[in-house]
Every structure is written in C-alpha cells, then in structure tokens.
file final_39.tsv (TSV, C-alpha atoms and all ligand atoms)
chain	number	residue	atom	x	y	z
I	32	MET	CA	302.05	272.91	-6.39
I	33	ASN	CA	298.59	271.63	-5.95
I	34	ASN	CA	296.52	271.95	-9.10
I	35	ASN	CA	293.13	271.99	-7.44
I	36	LYS	CA	293.92	275.30	-5.81
I	37	PRO	CA	291.07	277.79	-6.12
I	38	PRO	CA	291.71	281.11	-7.82
I	39	MET	CA	292.16	283.89	-5.28
I	40	SER	CA	289.33	286.31	-4.99
I	41	SER	CA	289.85	289.56	-6.74
I	42	SER	CA	290.49	292.28	-4.21
I	43	SER	CA	290.26	295.97	-3.91
I	44	ARG	CA	292.71	296.83	-6.70
I	45	SER	CA	290.12	295.94	-9.31
I	46	ASN	CA	287.41	297.57	-7.25
I	47	PRO	CA	287.94	301.33	-7.12
I	48	ARG	CA	284.95	301.74	-4.77
I	49	ARG	CA	287.10	300.57	-1.87
I	50	ARG	CA	289.32	303.61	-2.27
I	51	CYS	CA	286.52	306.11	-1.74
I	52	SER	CA	287.27	307.25	1.79
I	53	ASP	CA	285.18	310.41	1.20
I	54	LEU	CA	282.04	308.60	0.13
I	55	THR	CA	279.08	310.83	0.92
I	56	LEU	CA	276.14	308.88	-0.51
I	57	PRO	CA	274.07	307.25	2.26
I	58	LEU	CA	274.32	303.47	2.30
I	59	PRO	CA	271.02	301.55	2.13
I	60	PRO	CA	269.86	300.42	5.60
I	61	ARG	CA	270.62	296.79	6.43
I	62	GLN	CA	267.86	294.27	6.76
I	63	PRO	CA	267.64	292.83	10.29
I	64	GLN	CA	268.75	289.38	9.11
I	65	GLN	CA	271.89	290.92	7.56
I	66	GLN	CA	273.12	292.46	10.76
I	67	ILE	CA	275.77	289.85	11.44
I	68	ALA	CA	277.78	289.89	8.24
I	69	VAL	CA	280.18	287.12	9.26
I	70	PRO	CA	279.38	284.21	11.54
I	71	LEU	CA	280.89	284.57	14.98
I	72	PRO	CA	284.00	282.40	15.43
I	73	LEU	CA	283.62	279.38	17.64
I	74	PRO	CA	285.60	279.49	20.89
I	75	PRO	CA	288.96	277.73	20.57
I	76	SER	CA	288.71	274.05	21.33
I	77	ASN	CA	291.17	273.04	24.00
I	78	GLN	CA	290.02	269.46	24.24
I	79	HIS	CA	292.63	266.81	23.63
I	80	ILE	CA	291.93	264.48	20.72
I	81	ASN	CA	292.50	260.82	21.41
I	82	PHE	CA	295.26	259.50	19.11
I	83	SER	CA	293.66	256.05	18.89
I	84	GLN	CA	290.56	257.60	17.29
I	85	LEU	CA	292.57	258.86	14.28
I	86	ASP	CA	292.79	256.91	11.00
I	87	ARG	CA	295.58	257.69	8.54
I	88	LEU	CA	293.99	258.10	5.10
I	89	ASN	CA	296.91	259.01	2.85
I	90	ARG	CA	300.29	260.70	2.75
I	91	ILE	CA	300.02	264.38	1.76
I	92	GLY	CA	303.67	265.26	1.41
I	93	SER	CA	307.11	265.15	2.95
I	94	GLY	CA	309.61	267.79	3.84
I	95	SER	CA	313.11	267.70	5.20
I	96	GLY	CA	311.85	267.29	8.77
I	97	GLY	CA	308.96	264.87	8.45
I	98	THR	CA	305.97	263.44	6.60
I	99	VAL	CA	302.43	264.81	6.65
I	100	TYR	CA	299.34	262.53	6.50
I	101	LYS	CA	295.67	263.26	6.04
I	102	VAL	CA	293.83	261.70	8.98
I	103	LEU	CA	290.21	261.15	9.92
I	104	HIS	CA	288.90	261.58	13.44
I	105	ARG	CA	286.40	258.70	13.53
I	106	PRO	CA	283.95	260.01	16.20
I	107	THR	CA	283.36	263.33	14.39
I	108	ASN	CA	284.38	262.55	10.78
I	109	ALA	CA	286.61	265.65	10.95
I	110	LEU	CA	289.75	265.72	8.81
I	111	PHE	CA	293.13	266.76	10.18
I	112	ALA	CA	296.73	266.76	9.02
I	113	LEU	CA	299.18	264.73	11.09
I	114	LYS	CA	302.81	265.71	10.83
I	115	VAL	CA	305.16	262.91	11.85
I	116	ILE	CA	308.59	264.30	12.61
I	117	TYR	CA	311.55	262.12	11.67
I	118	GLY	CA	313.70	260.51	14.32
I	119	THR	CA	313.25	259.98	18.00
I	120	HIS	CA	314.05	262.69	20.47
I	121	ASP	CA	315.39	262.67	23.97
I	122	GLU	CA	313.36	263.67	27.00
I	123	GLU	CA	314.68	267.25	27.15
I	124	VAL	CA	313.72	267.97	23.51
I	125	LEU	CA	310.32	266.35	24.03
I	126	ARG	CA	309.72	268.48	27.14
I	127	GLN	CA	310.61	271.64	25.20
I	128	ILE	CA	308.32	270.66	22.33
I	129	ARG	CA	305.46	269.88	24.71
I	130	ARG	CA	305.83	273.35	26.24
I	131	GLU	CA	305.85	274.93	22.78
I	132	ILE	CA	302.80	272.97	21.65
I	133	GLU	CA	300.91	274.22	24.69
I	134	ILE	CA	301.60	277.78	23.52
I	135	LEU	CA	300.72	276.95	19.93
I	136	ARG	CA	297.42	275.35	20.97
I	137	GLY	CA	296.44	278.79	22.26
I	138	VAL	CA	297.21	280.43	18.91
I	139	ASP	CA	293.89	281.14	17.26
I	140	ASN	CA	293.84	283.22	14.11
I	141	LEU	CA	292.15	282.85	10.75
I	142	ASN	CA	295.48	283.06	8.94
I	143	VAL	CA	297.51	280.68	11.08
I	144	VAL	CA	297.17	276.88	10.78
I	145	LYS	CA	295.66	275.63	14.02
I	146	CYS	CA	297.80	273.23	16.01
I	147	HIS	CA	295.47	270.92	17.92
I	148	ASP	CA	297.63	268.41	19.74
I	149	MET	CA	300.92	266.60	19.98
I	150	TYR	CA	301.57	262.90	20.49
I	151	ASP	CA	304.79	261.32	21.60
I	152	ARG	CA	304.99	257.74	20.32
I	153	ALA	CA	308.12	256.34	21.95
I	154	GLY	CA	310.07	259.53	21.30
I	155	GLU	CA	308.64	260.06	17.79
I	156	ILE	CA	306.71	263.33	17.63
I	157	GLN	CA	303.40	263.60	15.80
I	158	VAL	CA	301.59	266.92	15.59
I	159	LEU	CA	297.88	267.17	14.82
I	160	LEU	CA	297.12	270.17	12.62
I	161	GLU	CA	294.21	271.84	10.92
I	162	TYR	CA	293.83	270.23	7.48
I	163	MET	CA	294.28	272.58	4.52
I	164	ASP	CA	292.64	270.89	1.55
I	165	CYS	CA	294.35	272.83	-1.28
I	166	GLY	CA	297.92	272.25	-0.16
I	167	SER	CA	300.75	274.77	-0.18
I	168	LEU	CA	301.60	277.76	-2.36
I	169	GLU	CA	304.87	276.20	-3.45
I	170	GLY	CA	305.23	276.54	-7.24
I	171	THR	CA	302.59	279.27	-7.47
I	172	HIS	CA	302.92	281.71	-10.37
I	173	LEU	CA	300.50	284.56	-10.03
I	174	SER	CA	301.03	287.71	-12.05
I	175	ASP	CA	297.52	288.98	-11.30
I	176	GLU	CA	298.29	291.61	-8.68
I	177	SER	CA	294.84	291.74	-7.09
I	178	SER	CA	295.01	288.00	-6.29
I	179	LEU	CA	298.56	288.44	-5.07
I	180	ALA	CA	297.48	291.34	-2.86
I	181	ASP	CA	294.79	289.12	-1.34
I	182	ILE	CA	297.33	286.40	-0.49
I	183	THR	CA	299.74	289.01	0.84
I	184	ARG	CA	297.12	290.58	3.09
I	185	GLN	CA	296.24	287.21	4.59
I	186	VAL	CA	299.87	286.25	5.21
I	187	LEU	CA	300.56	289.63	6.81
I	188	SER	CA	297.45	289.37	9.02
I	189	GLY	CA	298.66	285.99	10.33
I	190	LEU	CA	302.15	287.34	10.85
I	191	TYR	CA	300.88	290.46	12.56
I	192	TYR	CA	298.93	288.27	15.00
I	193	LEU	CA	301.99	286.10	15.74
I	194	HIS	CA	304.40	289.02	16.09
I	195	ARG	CA	302.05	290.79	18.50
I	196	ARG	CA	302.25	287.68	20.66
I	197	LYS	CA	306.04	287.74	20.40
I	198	ILE	CA	305.98	284.59	18.28
I	199	VAL	CA	308.50	284.68	15.47
I	200	HIS	CA	308.06	282.16	12.67
I	201	ARG	CA	311.61	281.95	11.23
I	202	ASP	CA	310.65	279.69	8.33
I	203	ILE	CA	308.21	281.63	6.13
I	204	LYS	CA	308.41	280.21	2.60
I	205	PRO	CA	305.91	279.12	-0.09
I	206	SER	CA	305.69	275.53	1.19
I	207	ASN	CA	304.71	276.81	4.63
I	208	LEU	CA	301.84	278.94	3.27
I	209	LEU	CA	298.79	276.70	2.95
I	210	VAL	CA	295.46	277.26	1.21
I	211	ASN	CA	291.99	275.78	1.65
I	212	SER	CA	288.95	275.70	-0.60
I	213	LYS	CA	287.53	278.75	1.18
I	214	LYS	CA	290.48	280.63	-0.37
I	215	GLN	CA	291.96	281.17	3.07
I	216	VAL	CA	295.73	281.37	3.24
I	217	LYS	CA	297.33	280.27	6.50
I	218	ILE	CA	300.84	280.20	7.88
I	219	ALA	CA	302.04	276.73	8.90
I	220	ASP	CA	305.02	275.18	10.60
I	221	PHE	CA	306.42	277.18	13.41
I	222	GLY	CA	307.48	276.47	16.94
I	223	VAL	CA	308.36	272.81	16.71
I	224	SER	CA	310.62	273.36	13.71
I	225	ARG	CA	312.40	276.06	15.65
I	226	ILE	CA	313.14	273.80	18.61
I	227	LEU	CA	314.32	271.00	16.37
I	228	GLU	CA	316.53	273.41	14.47
I	229	GLN	CA	318.11	274.57	17.73
I	230	THR	CA	318.82	271.05	18.85
I	231	MET	CA	320.11	269.73	15.54
I	232	ASP	CA	323.56	269.74	14.09
I	233	PRO	CA	323.59	272.74	11.69
I	234	CYS	CA	325.15	270.55	8.99
I	235	ASN	CA	322.16	268.21	9.15
I	236	SER	CA	320.05	268.66	6.02
I	237	ALA	CA	316.90	268.48	8.16
I	238	VAL	CA	317.58	272.06	9.24
I	239	GLY	CA	316.15	273.12	5.86
I	240	THR	CA	317.03	275.70	3.28
I	241	ILE	CA	318.49	279.14	3.88
I	242	ALA	CA	316.96	280.38	0.60
I	243	TYR	CA	314.24	282.46	2.25
I	244	MET	CA	316.31	283.59	5.23
I	245	SER	CA	317.25	287.24	5.69
I	246	PRO	CA	320.86	288.32	5.07
I	247	GLU	CA	321.51	289.15	8.75
I	248	ARG	CA	320.32	285.69	9.81
I	249	ILE	CA	322.57	283.90	7.34
I	250	ASN	CA	325.58	286.08	8.00
I	251	THR	CA	325.62	287.24	11.61
I	252	ASP	CA	328.46	289.67	10.87
I	253	ILE	CA	326.07	291.86	8.88
I	254	ASN	CA	324.11	293.30	11.77
I	255	GLU	CA	326.69	293.02	14.55
I	256	GLY	CA	325.14	289.68	15.51
I	257	LYS	CA	321.81	291.31	16.35
I	258	TYR	CA	318.89	289.42	14.92
I	259	ASP	CA	315.35	290.73	14.95
I	260	GLY	CA	313.18	287.70	14.20
I	261	CYS	CA	310.15	289.77	13.16
I	262	ALA	CA	312.18	291.69	10.56
I	263	GLY	CA	313.58	288.34	9.40
I	264	ASP	CA	310.04	287.06	8.79
I	265	ILE	CA	309.24	290.16	6.71
I	266	TRP	CA	312.23	289.51	4.45
I	267	SER	CA	310.94	285.96	3.88
I	268	VAL	CA	307.47	287.31	3.02
I	269	GLY	CA	309.05	289.65	0.44
I	270	VAL	CA	311.03	286.83	-1.20
I	271	SER	CA	307.97	284.54	-1.28
I	272	ILE	CA	305.58	287.14	-2.72
I	273	LEU	CA	308.10	288.19	-5.38
I	274	GLU	CA	308.58	284.51	-6.24
I	275	PHE	CA	304.82	284.12	-6.77
I	276	TYR	CA	304.81	287.14	-9.09
I	277	ILE	CA	307.72	286.15	-11.31
I	278	GLY	CA	307.14	282.39	-11.04
I	279	ARG	CA	310.64	281.47	-9.89
I	280	PHE	CA	312.98	281.97	-6.93
I	281	PRO	CA	313.95	285.65	-7.34
I	282	PHE	CA	317.71	285.45	-6.77
I	283	SER	CA	320.35	284.72	-9.41
I	284	VAL	CA	320.89	281.27	-7.92
I	285	GLY	CA	318.37	278.41	-7.61
I	286	ARG	CA	316.82	277.99	-4.18
I	287	GLN	CA	318.29	274.48	-4.03
I	288	GLY	CA	321.74	275.98	-4.59
I	289	ASP	CA	324.61	275.23	-2.25
I	290	TRP	CA	325.06	277.28	0.89
I	291	ALA	CA	327.95	279.40	-0.45
I	292	SER	CA	326.14	280.42	-3.66
I	293	LEU	CA	322.97	281.28	-1.76
I	294	MET	CA	324.95	283.21	0.82
I	295	ILE	CA	326.68	285.30	-1.89
I	296	ALA	CA	323.40	285.95	-3.72
I	297	ILE	CA	321.45	286.91	-0.59
I	298	CYS	CA	324.05	288.63	1.60
I	299	MET	CA	326.44	290.22	-0.88
I	300	THR	CA	324.23	291.33	-3.73
I	301	ASN	CA	321.56	294.04	-3.90
I	302	PRO	CA	318.14	292.62	-3.02
I	303	PRO	CA	315.99	291.57	-5.98
I	304	GLN	CA	313.29	293.95	-7.19
I	305	ALA	CA	309.95	293.44	-8.89
I	306	PRO	CA	310.22	293.79	-12.70
I	307	SER	CA	309.29	297.05	-14.41
I	308	THR	CA	306.09	295.43	-15.72
I	309	ALA	CA	304.72	295.38	-12.16
I	310	SER	CA	302.65	298.25	-10.75
I	311	PRO	CA	304.51	300.97	-8.79
I	312	GLU	CA	302.59	299.81	-5.70
I	313	PHE	CA	303.88	296.24	-5.98
I	314	ARG	CA	307.41	297.38	-6.77
I	315	ASP	CA	307.38	299.62	-3.73
I	316	PHE	CA	305.90	296.89	-1.51
I	317	VAL	CA	308.69	294.47	-2.45
I	318	GLY	CA	311.22	297.24	-1.71
I	319	CYS	CA	309.70	297.74	1.76
I	320	CYS	CA	310.21	294.03	2.59
I	321	LEU	CA	313.55	293.43	0.89
I	322	GLN	CA	315.63	296.05	2.65
I	323	MET	CA	319.15	294.85	3.45
I	324	ASP	CA	319.07	296.72	6.76
I	325	PRO	CA	316.47	295.00	9.00
I	326	ALA	CA	315.76	298.30	10.77
I	327	ARG	CA	314.52	299.75	7.49
I	328	ARG	CA	312.18	296.88	6.73
I	329	TRP	CA	308.55	297.62	7.40
I	330	THR	CA	306.66	295.76	10.09
I	331	ALA	CA	303.63	293.55	9.38
I	332	ALA	CA	301.37	296.29	10.82
I	333	GLN	CA	302.86	298.90	8.49
I	334	LEU	CA	302.71	296.63	5.45
I	335	LEU	CA	299.02	295.92	6.09
I	336	ARG	CA	298.50	299.59	5.29
I	337	HIS	CA	300.71	299.65	2.24
I	338	PRO	CA	298.75	300.70	-0.90
I	339	PHE	CA	299.62	297.41	-2.64
I	340	VAL	CA	297.71	295.61	0.13
I	341	THR	CA	294.90	298.13	0.68
I	342	GLY	CA	294.28	298.80	-3.02
I	343	GLY	CA	295.24	302.47	-2.76
I	344	THR	CA	297.71	304.30	-4.92
I	345	LEU	CA	301.29	305.05	-4.10
I	346	VAL	CA	300.89	308.71	-5.04
I	347	ASP	CA	298.18	309.30	-2.40
I	348	HIS	CA	300.09	307.26	0.15
I	349	LYS	CA	303.38	309.10	-0.34
I	350	HIS	CA	301.54	312.37	-0.11
I	351	HIS	CA	300.32	311.42	3.38
I	352	ARG	CA	303.57	309.97	4.57
I	353	GLY	CA	306.55	311.61	2.95
I	354	PHE	CA	309.19	309.15	1.94
I	355	ASN	CA	311.50	309.39	-0.97
I	356	ASN	CA	311.89	306.33	-3.11
I	357	ASN	CA	311.94	302.61	-3.23
I	358	ASN	CA	315.54	302.02	-2.30
I	359	ASN	CA	315.84	304.76	0.22
I	360	GLN	CA	312.93	304.14	2.51
I	361	VAL	CA	312.36	305.84	5.74
I	362	HIS	CA	309.90	304.37	8.16
I	363	PRO	CA	306.42	305.60	7.39
I	364	THR	CA	305.22	308.40	9.59
I	365	HIS	CA	301.70	307.01	9.77
I	366	HIS	CA	302.57	303.96	11.84
I	367	LEU	CA	301.12	305.57	14.94
I	368	LEU	CA	297.67	305.70	13.41
I	369	PRO	CA	295.34	303.02	14.78
I	370	LEU	CA	294.97	299.87	12.71
I	371	PRO	CA	291.60	298.99	11.27
I	372	PRO	CA	289.61	296.99	13.89
I	373	LYS	CA	290.02	293.63	12.10
I	374	PHE	CA	293.76	293.76	12.67
I	375	SER	CA	293.78	295.06	16.21
I	376	SER	CA	293.02	291.79	18.05
R	401	LIG	P1	310.38	271.74	4.88
R	401	LIG	O1	310.55	270.46	5.59
R	401	LIG	O2	311.61	272.22	4.25
R	401	LIG	O3	309.71	272.74	5.76
R	401	LIG	P2	307.84	271.38	3.65
R	401	LIG	O4	307.21	272.59	4.29
R	401	LIG	O5	307.40	271.09	2.24
R	401	LIG	O6	309.38	271.48	3.64
R	401	LIG	P3	306.36	269.74	5.51
R	401	LIG	O7	306.08	270.86	6.43
R	401	LIG	O8	306.71	268.42	6.11
R	401	LIG	O9	307.54	270.09	4.52
R	401	LIG	O10	305.08	269.56	4.58
R	401	LIG	C1	305.05	268.70	3.50
R	401	LIG	C2	303.84	269.05	2.63
R	401	LIG	O11	302.66	268.64	3.33
R	401	LIG	C3	303.67	270.56	2.42
R	401	LIG	O12	304.31	271.01	1.29
R	401	LIG	C4	302.17	270.71	2.29
R	401	LIG	O13	301.79	270.61	0.94
R	401	LIG	C5	301.62	269.55	3.10
R	401	LIG	N1	301.08	270.00	4.39
R	401	LIG	C6	301.76	270.36	5.49
R	401	LIG	N2	300.94	270.70	6.49
R	401	LIG	C7	299.67	270.57	6.00
R	401	LIG	C8	298.36	270.81	6.53
R	401	LIG	N3	298.19	271.26	7.77
R	401	LIG	N4	297.30	270.58	5.73
R	401	LIG	C9	297.48	270.15	4.47
R	401	LIG	N5	298.68	269.91	3.91
R	401	LIG	C10	299.77	270.12	4.65
R	402	MG	MG	306.37	272.89	6.08
call {"tool": "encode", "arguments": {"input": "final_39.tsv", "output": "structure tokens", "more": "lines below"}}
Ligand code: ATP
Ligand code: MG
result
Amino acid sequence: MNNNKPPMSSSSRSNPRRRCSDLTLPLPPRQPQQQIAVPLPLPPSNQHINFSQLDRLNRIGSGSGGTVYKVLHRPTNALFALKVIYGTHDEEVLRQIRREIEILRGVDNLNVVKCHDMYDRAGEIQVLLEYMDCGSLEGTHLSDESSLADITRQVLSGLYYLHRRKIVHRDIKPSNLLVNSKKQVKIADFGVSRILEQTMDPCNSAVGTIAYMSPERINTDINEGKYDGCAGDIWSVGVSILEFYIGRFPFSVGRQGDWASLMIAICMTNPPQAPSTASPEFRDFVGCCLQMDPARRWTAAQLLRHPFVTGGTLVDHKHHRGFNNNNNQVHPTHHLLPLPPKFSS
C-alpha cells in the first residue's frame, strides 16, 4: 500500500445533520458568488496524445499482466500513467483491443480512471491512463466506518455508471481501486484485461487471481452456467470492502492460495461476514454484497441507498422497506424510487 495516501474525508455517519430529511429551518440564502458549488466538469478530451511527446519518469508498479510507468507529456507538463502490457499480440487481439479502447475513451466518470489512448509498438500494447498520485488501496486497513463508507460510495458510483452503460468490470479488487490526493477513489483496469483474459490460456498466471471472483464465476455449475457480470462485480466489492475493514483477505485461505483452496473457501463455504464489532449497517451492507445467490445480491443502484453508504440507520431503512435479516435478504422494495440526481447520469 502507498503510505502517502490521504485520510478519507469523514462522511455522513459522523454528521447526523445529513439524516434530517424533515428539516424545517430555512437555510440561509446563498451569496451570488456561491451559486455554483462545484466547478463544471470540462468536456471529455478526445484528442489523441502523441506517443513521442511522452517521457517515462519512473516505474510505479507491476502486476501479472504488465508494468505501469509514470509519464510526463512534455508540451503540457501533464502527468499520466502508462501501462505496458507484457508480450506481443497478434493482429486480431490488437484489433479487438483497439475497439475496446475506443469505447473506454468515451467513459467519463469521476470514479472511473480515464483511459486516454492506446499505442501499439510492434504488437506491444501501451495504454495511457489518468495518473492517480496516491496509488492503489491494496493493503488498506480502515476500521473507521465513515471513511470506509466514503470509499464505498465512490466505488459504487463508478460501478453504477459502468453497469448502466452495460460495461462489466470483472476484476474489482483492492489493487484496481486507485486514489488521488483529492481523496477521489477511482476504478481502474477494465476492458483490455478482459480481452487479454479471453485470449489467454487459462493456466497462464497472467490471467490473475480468482480471490475476488464470485462463486458462480469460479464454479459455473453453481448457477447453471449463467453468469451475471454486474452481480459478479458486486461480490468483488463486498470482498474488497470487508478486507479493508478487517485488514486481511476475509476468507479462511490467503488470497495467494492455490486455486483448489480458494475454490473451496469461496464456493463451498458460507460467505464471510463483518465481525460483531462492526455497526449493524456495515454488517448488513456486507451481507447484501456477499450473497451466494447472485440474484439476491443488491445492485450498485440499490447499494448506493443502503444506510451504510447514506449514513442512515438500518432501523429506519428496514421500516421503509421490509426485509427480514442479513442472511435472508429479499430485494429491497424501494428500488423503483428515483436515484438522487448525482447518480442518475
Ligand atoms: P493485476 O495484474 O493482478 O491486476 P495490479 O492491479 O497490481 O495486479 P497493474 O494493474 O499492472 O497490476 O498495476 C500495478 C500497480 O500500478 C498498481 O497496484 C497501482 O499501484 C499502480 N497503478 C496502476 N494504474 C495506475 C494509475 N492509473 N495511476 C497510478 N498508479 C497506477
Ligand atoms: Mg491493476
């Protein structure tokens, strides 16, 4: 984990004012200069960046699929991350990746790492990404629930945006959740990894770990071979967030464990739960993500309204929605209510 990571801002849980939906006191009028509370986002830049104008500054890190460098764009002094994917790829794979990158260049959300461009250097793929100066959340231990709720809300907002565009991530895990010094959390690494995974020999270690994969993805017998990628992403969010809370991979086996041990722990054992020291809201939230049956897992839109994320209380929430308990969820009845405007893009 990166040590220069900023502390997450404290969110609504420590601020009971946010729960006052029946506030009747008039708010003070805004001054004219305060009318725009947040600067308007710039339009997405679709201009290609010339590869020859990039200088590699240093290596940031390596994963199973490639190495990431910090690079400087000389004409603008802007910093980017350049992911160099191992190996050379044949024309069909490159064509597929180019198509995918075109889609990803159109992805524009505050909680998703921007993918700017792709370069093909004699079959070696290099992807130019938004630079996240505080690194990944891998190794994070965060028992402060309000900070955890803030991270969770940001991850779910990014995921909600992707799922609405029918983009499934398939590799949500702590090392793919990046942070910057503005305390923004963004989802990284999708699309290209998926294509490479499809084209690679499944025994190749570059395919990555199954530790954060949902049971029905690991063992296709579980759900009659049906695989709902969005529900799979939610499982991975649940495992990652629980890992942040307890400070270790939440299954009885290490995440580097061999395939068979991970498969037994994830597919044949009851899902892990948050410890009894956690708030009822957090325990319930984890239960909503880590449902064995993908159909019972909540969607990103539903989870954005879970009291753990909104800072409400479970008692009020259950009262409005009517479900029984943590391990016997029914889908919330309120999912037809409109989302708050910030999530409805
Ligand atoms: P895996 O290959 O199993 O997915 P990984 O996610 O750690 O593992 P990479 O995606 O290659 O591997 O990333 C390596 C490291 O580089 C990450 O852990 C992260 O710290 C850093 N990194 C990746 N993308 C960026 C980025 N856009 N900005 C800043 N750092 C990044
Ligand atoms: Mg990664």
call {"tool": "residues_near_ligand", "arguments": {"input": "final_39.tsv", "ligand": "ligand MG 402 (chain R)", "cutoff": "8 Å", "atoms": "all atoms listed in the file", "output": "ChimeraX atom specification"}}
result
/I:94,206-207,219-220
call {"tool": "closest_residue", "arguments": {"input": "final_39.tsv", "among": "I:Leu334, I:Ile80, I:Val158, I:Val346", "to": "Arg105 (chain I)", "atoms": "only C-alpha atoms"}}
result
I:Ile80
call {"tool": "residues_around", "arguments": {"input": "final_39.tsv", "residues": "Asn142 (chain I)", "least_positions_apart": "5", "cutoff": "10 Å", "atoms": "all atoms listed in the file", "output": "list in words"}}
result
Arg184, Gln185, Val186, Leu187, Ser188, Gly189, Leu190, Tyr191, Tyr192, Leu193, Leu208, Leu209, Val210, Gln215, Val216, Lys217, Ile218 and Ala219 of chain I
call {"tool": "write_last_selection", "arguments": {"input": "final_39.tsv", "atoms": "C-alpha atoms", "output": "JSON list (two decimals), in the coordinates of the input"}}
result
[["chain", "number", "residue", "atom", "x", "y", "z"],
["I", 184, "ARG", "CA", 297.12, 290.58, 3.09],
["I", 185, "GLN", "CA", 296.24, 287.21, 4.59],
["I", 186, "VAL", "CA", 299.87, 286.25, 5.21],
["I", 187, "LEU", "CA", 300.56, 289.63, 6.81],
["I", 188, "SER", "CA", 297.45, 289.37, 9.02],
["I", 189, "GLY", "CA", 298.66, 285.99, 10.33],
["I", 190, "LEU", "CA", 302.15, 287.34, 10.85],
["I", 191, "TYR", "CA", 300.88, 290.46, 12.56],
["I", 192, "TYR", "CA", 298.93, 288.27, 15.00],
["I", 193, "LEU", "CA", 301.99, 286.10, 15.74],
["I", 208, "LEU", "CA", 301.84, 278.94, 3.27],
["I", 209, "LEU", "CA", 298.79, 276.70, 2.95],
["I", 210, "VAL", "CA", 295.46, 277.26, 1.21],
["I", 215, "GLN", "CA", 291.96, 281.17, 3.07],
["I", 216, "VAL", "CA", 295.73, 281.37, 3.24],
["I", 217, "LYS", "CA", 297.33, 280.27, 6.50],
["I", 218, "ILE", "CA", 300.84, 280.20, 7.88],
["I", 219, "ALA", "CA", 302.04, 276.73, 8.90]]
call {"tool": "closest_residue", "arguments": {"input": "final_39.tsv", "among": "I:Thr341, I:Thr251, I:Gln287, I:Ser178", "to": "ligand LIG 401 (chain R)", "atoms": "all atoms listed in the file"}}
result
I:Gln287
call {"tool": "atom_distance", "arguments": {"input": "final_39.tsv", "atom1": "CA of Ser245 (chain I)", "atom2": "CA of Leu135 (chain I)"}}
result
24.1 Å
call {"tool": "decode", "arguments": {"input": "final_39.tsv", "residues": "region 173-190 of chain I", "atoms": "C-alpha atoms", "output": "short mmCIF file (atom, residue, chain, number, x, y, z; two decimals), in the first residue's frame"}}
result
data_model
loop_
_atom_site.label_atom_id
_atom_site.label_comp_id
_atom_site.auth_asym_id
_atom_site.auth_seq_id
_atom_site.Cartn_x
_atom_site.Cartn_y
_atom_site.Cartn_z
CA LEU I 173 -9.55 1.03 7.69
CA SER I 174 -11.76 0.28 10.66
CA ASP I 175 -13.19 3.81 10.69
CA GLU I 176 -16.60 3.19 9.14
CA SER I 177 -17.26 6.73 7.97
CA SER I 178 -14.07 6.70 5.87
CA LEU I 179 -14.94 3.25 4.62
CA ALA I 180 -18.44 4.43 3.69
CA ASP I 181 -16.89 7.27 1.69
CA ILE I 182 -14.67 4.86 -0.28
CA THR I 183 -17.60 2.50 -0.76
CA ARG I 184 -19.86 5.24 -2.09
CA GLN I 185 -17.25 6.30 -4.62
CA VAL I 186 -16.61 2.75 -5.83
CA LEU I 187 -20.34 2.11 -6.16
CA SER I 188 -20.87 5.38 -8.07
CA GLY I 189 -18.20 4.35 -10.59
CA LEU I 190 -19.66 0.88 -10.86
#
